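Structure record follows, encoded as structure tokens.
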Amino acid sequence: MANLKEIRIRINSVRTTRQVTSAMKMVSAAKLNKAQSDVEHVRPFIAKLLEIVNFLGNTVDGVTENIPAFCQKKKGKILLVAIASNKGLAGAFNSNVAKEVDRLVHNEYAEAYANGEVDLIAIGKQVAKGLASRKMTVLSDYNSIYDSMSLESVYAIADELTNKFATGEYKKISFVFNEFVNKSSQVVVEKQFLPLEISASQTENNQMLDFIIEPNSKEVLCDLVPQAIRTHLYATLLDSIASEHAARMTSMSKATDNAGELLGELQLQYNKARQSAITNELIEIVSGAEALKG
């Protein structure tokens, strides 16, 4: 059995760890409240914006040929943008994204990946490390976006990705990220970024709507498409950030609970060791007294 000094050192160490994890849990909980609010505000906006783009796309002739963002291309590479975090201590938040990218390139995009037609871009240092550990090459990264996340910096990335698609370098661009469901649930998903798709299922309903569009549907659509693309990326990043805080809060909560359980076990071990030491001392005293009597 370890001596009392060693157990005391471990108890102090675990107690300090519990204080740190508890503080990190509270910080993440506070950040999550704001991040969740941002997600809940932006989701209706992007949904309505995409609905309008979809409606206008159904009213413009030759939209898939004349507007680059809608063009369905047969040639070109596939670009997967893995989105996670620059920081760790969030459970499987970062590793799940790397795992999903690995699954995609070896299943859905296996043939293209084998032919060198799948490129990877990372947003988040941790997911970049995760992809590298799986022997996958990250073409470039946008990790600095988290240093000072602003609309301008997000829009710059969205415009760069749009240009790569418009020039024909890529025929498809998709995001792989943690979609925020609630505080205890985040789901890793792949969502297509480009090309934009027009939902045929809404065509009949759209024909029933009566709007006056000035100057015309095509010009309005051309103005809205860049905003829709930029907002899509912004909303995706907000989703990922909210998921990160939720995952870290859950992870730190479990770590705090585990530290508490370990602290209880160590305290019990300390009490047993102390009791044993006291018993041994008493035995020595009694033995010494008996020896003196003899």
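Residues are referred to by chain and number: the chain letter is A, B, ... according to the order shown in the structure tokens, the number counts from 1 in that chain, and ligands are numbered separately from 1 in the order shown.
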
For the contact check between range 104-181 of chain A and range 224-236 of chain A, emit one row per residue of range 104-181 of chain A within 10 Å, containing the shortest atom pair and the distance in Å rounded to one decimal, counting only C-alpha atoms, chain then rising number order, as a Markdown table.
| residue | atom | partner | partner_atom | distance |
| --- | --- | --- | --- | --- |
| A:Met149 | CA | A:Tyr234 | CA | 9.6 |
| A:Ser150 | CA | A:Tyr234 | CA | 9.1 |
| A:Leu151 | CA | A:Tyr234 | CA | 7.5 |
| A:Glu152 | CA | A:Arg230 | CA | 9.7 |
| A:Ser153 | CA | A:Tyr234 | CA | 9.8 |
| A:Val154 | CA | A:Tyr234 | CA | 6.3 |
| A:Tyr155 | CA | A:Arg230 | CA | 5.3 |
| A:Ala156 | CA | A:Arg230 | CA | 8.5 |
| A:Ile157 | CA | A:Arg230 | CA | 8.4 |
| A:Ala158 | CA | A:Arg230 | CA | 5.3 |
| A:Asp159 | CA | A:Arg230 | CA | 7.3 |
| A:Leu161 | CA | A:Ile229 | CA | 9.7 |
| A:Thr162 | CA | A:Ile229 | CA | 8.1 |
| A:Phe175 | CA | A:Thr236 | CA | 8.2 |
| A:Val176 | CA | A:Thr236 | CA | 9.5 |
| A:Phe177 | CA | A:Thr236 | CA | 7.8 |
| A:Asn178 | CA | A:Thr236 | CA | 8.8 |
| A:Glu179 | CA | A:Thr236 | CA | 7.8 |
| A:Phe180 | CA | A:Thr236 | CA | 9.5 |

Residue neighbourhood Leu262 in chain A, 10 Å, only C-alpha atoms, exclusion window fewer than 2 positions, as a ChimeraX atom specification: /A:10-11,14-15,18,256-260,264-268

Identify, on the basis of only C-alpha atoms, every residue whose closest approach to Leu32 in chain A does not exceed 9 Å; exclude the query and any residue fewer than 2 positions from it along the same chain; express the result as a ChimeraX atom specification. /A:27-30,34-37,183,241-246,249

Would you mind exporting N, CA and C atoms of the selected residues as a short mmCIF file (atom, residue, chain, number, x, y, z; two decimals), in the first residue's frame?
data_model
loop_
_atom_site.label_atom_id
_atom_site.label_comp_id
_atom_site.auth_asym_id
_atom_site.auth_seq_id
_atom_site.Cartn_x
_atom_site.Cartn_y
_atom_site.Cartn_z
N VAL A 27 -17.07 27.64 -18.05
CA VAL A 27 -16.72 28.55 -19.15
C VAL A 27 -17.38 28.10 -20.45
N SER A 28 -17.30 26.79 -20.73
CA SER A 28 -17.91 26.25 -21.94
C SER A 28 -19.42 26.41 -21.93
N ALA A 29 -20.02 26.24 -20.75
CA ALA A 29 -21.47 26.41 -20.64
C ALA A 29 -21.88 27.84 -20.96
N ALA A 30 -21.10 28.81 -20.47
CA ALA A 30 -21.40 30.21 -20.75
C ALA A 30 -21.23 30.52 -22.25
N LYS A 34 -24.28 31.55 -25.71
CA LYS A 34 -24.20 32.53 -26.78
C LYS A 34 -24.15 31.86 -28.15
N ALA A 35 -23.33 30.80 -28.26
CA ALA A 35 -23.19 30.10 -29.54
C ALA A 35 -24.51 29.48 -29.98
N GLN A 36 -25.24 28.91 -29.03
CA GLN A 36 -26.53 28.31 -29.35
C GLN A 36 -27.52 29.37 -29.81
N SER A 37 -27.47 30.53 -29.16
CA SER A 37 -28.34 31.64 -29.57
C SER A 37 -28.01 32.10 -30.99
N LYS A 183 -27.58 20.45 -26.53
CA LYS A 183 -26.42 20.50 -25.66
C LYS A 183 -25.75 19.15 -25.47
N ILE A 241 -18.99 25.67 -33.99
CA ILE A 241 -18.55 26.31 -32.74
C ILE A 241 -19.48 25.94 -31.59
N ALA A 242 -20.79 25.98 -31.85
CA ALA A 242 -21.74 25.59 -30.81
C ALA A 242 -21.54 24.12 -30.41
N SER A 243 -21.30 23.28 -31.40
CA SER A 243 -21.06 21.85 -31.13
C SER A 243 -19.79 21.67 -30.31
N GLU A 244 -18.77 22.47 -30.61
CA GLU A 244 -17.51 22.38 -29.87
C GLU A 244 -17.71 22.70 -28.39
N HIS A 245 -18.41 23.80 -28.11
CA HIS A 245 -18.64 24.18 -26.71
C HIS A 245 -19.49 23.15 -25.98
N ALA A 246 -20.48 22.60 -26.69
CA ALA A 246 -21.33 21.57 -26.07
C ALA A 246 -20.51 20.31 -25.78
N MET A 249 -18.15 21.04 -22.87
CA MET A 249 -18.87 21.09 -21.61
C MET A 249 -19.19 19.68 -21.11
#

Closest to Glu6 in chain A among A:Lys254, A:Val138, A:Gln269, A:Ile123, using only C-alpha atoms? A:Gln269

Which residues of range 44-100 of chain A come within 8 Å of range 129-133 of chain A, and for each one, what is the closest pair of atoms and their distance in Å to one decimal, counting only C-alpha atoms, sorted by chain and residue number, as CSV?
residue,atom,partner,partner_atom,distance
A:Asn94,CA,A:Gly130,CA,7.6
A:Ser95,CA,A:Gly130,CA,6.2
A:Ala98,CA,A:Leu131,CA,5.5

With DSSP run on the backbone, what are the strand (DSSP E) residues within range 50-252 of chain A? I'd like them as a tab-separated table (two decimals) with N, CA, C and O atoms, in the first residue's frame.
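Result file follows (states34.tsv):
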chain	number	residue	atom	x	y	z
A	77	LYS	N	-12.21	18.03	-59.73
A	77	LYS	CA	-11.97	17.31	-58.49
A	77	LYS	C	-13.11	17.53	-57.49
A	77	LYS	O	-14.01	18.34	-57.70
A	78	ILE	N	-13.03	16.80	-56.40
A	78	ILE	CA	-13.96	16.96	-55.27
A	78	ILE	C	-13.16	17.57	-54.12
A	78	ILE	O	-12.05	17.12	-53.82
A	79	LEU	N	-13.71	18.58	-53.48
A	79	LEU	CA	-13.06	19.22	-52.35
A	79	LEU	C	-13.87	18.99	-51.09
A	79	LEU	O	-15.05	19.34	-51.03
A	80	LEU	N	-13.24	18.40	-50.09
A	80	LEU	CA	-13.87	18.21	-48.79
A	80	LEU	C	-13.25	19.19	-47.80
A	80	LEU	O	-12.02	19.21	-47.62
A	81	VAL	N	-14.08	20.01	-47.18
A	81	VAL	CA	-13.62	20.98	-46.20
A	81	VAL	C	-13.97	20.45	-44.81
A	81	VAL	O	-15.15	20.42	-44.43
A	82	ALA	N	-12.96	19.99	-44.08
A	82	ALA	CA	-13.16	19.44	-42.74
A	82	ALA	C	-13.14	20.57	-41.73
A	82	ALA	O	-12.14	21.30	-41.62
A	83	ILE	N	-14.22	20.73	-40.99
A	83	ILE	CA	-14.35	21.85	-40.05
A	83	ILE	C	-14.43	21.32	-38.63
A	83	ILE	O	-15.29	20.52	-38.29
A	118	VAL	N	-9.50	13.92	-55.13
A	118	VAL	CA	-10.14	14.42	-53.91
A	118	VAL	C	-9.12	15.24	-53.14
A	118	VAL	O	-8.05	14.73	-52.78
A	119	ASP	N	-9.44	16.51	-52.90
A	119	ASP	CA	-8.57	17.38	-52.11
A	119	ASP	C	-9.21	17.64	-50.75
A	119	ASP	O	-10.44	17.64	-50.62
A	120	LEU	N	-8.35	17.88	-49.77
A	120	LEU	CA	-8.83	18.14	-48.41
A	120	LEU	C	-8.34	19.49	-47.94
A	120	LEU	O	-7.17	19.85	-48.12
A	121	ILE	N	-9.24	20.24	-47.33
A	121	ILE	CA	-8.91	21.51	-46.69
A	121	ILE	C	-9.40	21.45	-45.25
A	121	ILE	O	-10.48	20.91	-44.99
A	122	ALA	N	-8.61	21.95	-44.32
A	122	ALA	CA	-8.99	21.90	-42.91
A	122	ALA	C	-9.27	23.29	-42.36
A	122	ALA	O	-8.58	24.25	-42.71
A	123	ILE	N	-10.28	23.38	-41.54
A	123	ILE	CA	-10.53	24.58	-40.73
A	123	ILE	C	-10.50	24.11	-39.29
A	123	ILE	O	-11.49	23.57	-38.78
A	140	SER	N	-4.51	22.72	-47.79
A	140	SER	CA	-4.31	24.01	-47.12
A	140	SER	C	-5.26	24.09	-45.93
A	140	SER	O	-6.10	23.21	-45.74
A	141	ASP	N	-5.10	25.13	-45.14
A	141	ASP	CA	-5.99	25.28	-43.98
A	141	ASP	C	-6.36	26.75	-43.79
A	141	ASP	O	-5.72	27.66	-44.31
A	170	TYR	N	-12.83	22.51	-59.23
A	170	TYR	CA	-13.61	21.50	-58.51
A	170	TYR	C	-15.01	21.41	-59.08
A	170	TYR	O	-15.62	22.41	-59.47
A	171	LYS	N	-15.53	20.18	-59.11
A	171	LYS	CA	-16.90	19.98	-59.57
A	171	LYS	C	-17.87	19.89	-58.39
A	171	LYS	O	-19.09	19.98	-58.56
A	172	LYS	N	-17.30	19.67	-57.19
A	172	LYS	CA	-18.14	19.58	-55.99
A	172	LYS	C	-17.33	19.99	-54.77
A	172	LYS	O	-16.17	19.61	-54.63
A	173	ILE	N	-17.94	20.80	-53.91
A	173	ILE	CA	-17.33	21.20	-52.66
A	173	ILE	C	-18.30	20.87	-51.53
A	173	ILE	O	-19.46	21.27	-51.58
A	174	SER	N	-17.82	20.13	-50.54
A	174	SER	CA	-18.68	19.75	-49.42
A	174	SER	C	-18.01	20.09	-48.10
A	174	SER	O	-16.78	20.09	-47.99
A	175	PHE	N	-18.85	20.36	-47.09
A	175	PHE	CA	-18.37	20.58	-45.73
A	175	PHE	C	-18.59	19.31	-44.92
A	175	PHE	O	-19.61	18.64	-45.06
A	176	VAL	N	-17.62	18.97	-44.07
A	176	VAL	CA	-17.78	17.87	-43.11
A	176	VAL	C	-17.58	18.49	-41.73
A	176	VAL	O	-16.50	18.99	-41.42
A	177	PHE	N	-18.62	18.45	-40.91
A	177	PHE	CA	-18.57	19.17	-39.64
A	177	PHE	C	-19.56	18.58	-38.64
A	177	PHE	O	-20.39	17.73	-38.98
A	178	ASN	N	-19.47	19.04	-37.41
A	178	ASN	CA	-20.42	18.64	-36.36
A	178	ASN	C	-21.63	19.57	-36.41
A	178	ASN	O	-21.50	20.78	-36.16
A	179	GLU	N	-22.78	19.02	-36.72
A	179	GLU	CA	-24.01	19.82	-36.72
A	179	GLU	C	-24.60	19.83	-35.31
A	179	GLU	O	-24.78	18.78	-34.69
A	180	PHE	N	-24.91	21.01	-34.83
A	180	PHE	CA	-25.43	21.16	-33.47
A	180	PHE	C	-26.90	20.73	-33.43
A	180	PHE	O	-27.72	21.25	-34.17
A	181	VAL	N	-27.20	19.78	-32.55
A	181	VAL	CA	-28.59	19.33	-32.35
A	181	VAL	C	-29.11	19.91	-31.04
A	181	VAL	O	-30.12	20.60	-31.01
A	182	ASN	N	-28.41	19.61	-29.96
A	182	ASN	CA	-28.72	20.20	-28.66
A	182	ASN	C	-27.47	20.11	-27.79
A	182	ASN	O	-26.41	19.69	-28.27
A	185	SER	N	-26.07	16.56	-27.84
A	185	SER	CA	-26.00	15.81	-29.09
A	185	SER	C	-25.46	16.66	-30.23
A	185	SER	O	-25.98	17.75	-30.50
A	186	GLN	N	-24.41	16.15	-30.88
A	186	GLN	CA	-23.86	16.77	-32.08
A	186	GLN	C	-23.61	15.66	-33.09
A	186	GLN	O	-23.08	14.62	-32.74
A	187	VAL	N	-24.02	15.89	-34.33
A	187	VAL	CA	-23.94	14.84	-35.35
A	187	VAL	C	-22.98	15.28	-36.46
A	187	VAL	O	-23.10	16.38	-37.00
A	188	VAL	N	-22.03	14.42	-36.80
A	188	VAL	CA	-21.10	14.71	-37.89
A	188	VAL	C	-21.82	14.47	-39.22
A	188	VAL	O	-22.36	13.39	-39.45
A	189	VAL	N	-21.84	15.48	-40.07
A	189	VAL	CA	-22.56	15.39	-41.34
A	189	VAL	C	-21.68	15.90	-42.48
A	189	VAL	O	-20.72	16.64	-42.26
A	190	GLU	N	-22.03	15.50	-43.68
A	190	GLU	CA	-21.45	16.07	-44.89
A	190	GLU	C	-22.56	16.85	-45.59
A	190	GLU	O	-23.63	16.31	-45.85
A	191	LYS	N	-22.30	18.11	-45.86
A	191	LYS	CA	-23.30	18.93	-46.55
A	191	LYS	C	-22.66	19.58	-47.77
A	191	LYS	O	-21.57	20.17	-47.68
A	192	GLN	N	-23.36	19.47	-48.89
A	192	GLN	CA	-22.84	20.04	-50.14
A	192	GLN	C	-22.89	21.55	-50.10
A	192	GLN	O	-23.91	22.15	-49.77
A	193	PHE	N	-21.77	22.16	-50.43
A	193	PHE	CA	-21.65	23.62	-50.47
A	193	PHE	C	-21.89	24.14	-51.88
A	193	PHE	O	-22.69	25.06	-52.09
A	194	LEU	N	-21.20	23.55	-52.83
A	194	LEU	CA	-21.36	23.88	-54.24
A	194	LEU	C	-21.29	22.60	-55.06
A	194	LEU	O	-20.54	21.68	-54.70

Taking the DSSP assignment computed from this structure's backbone, write out as a count of residues only all residues of range 95-230 of chain A that belong to alpha helix (DSSP H). 61
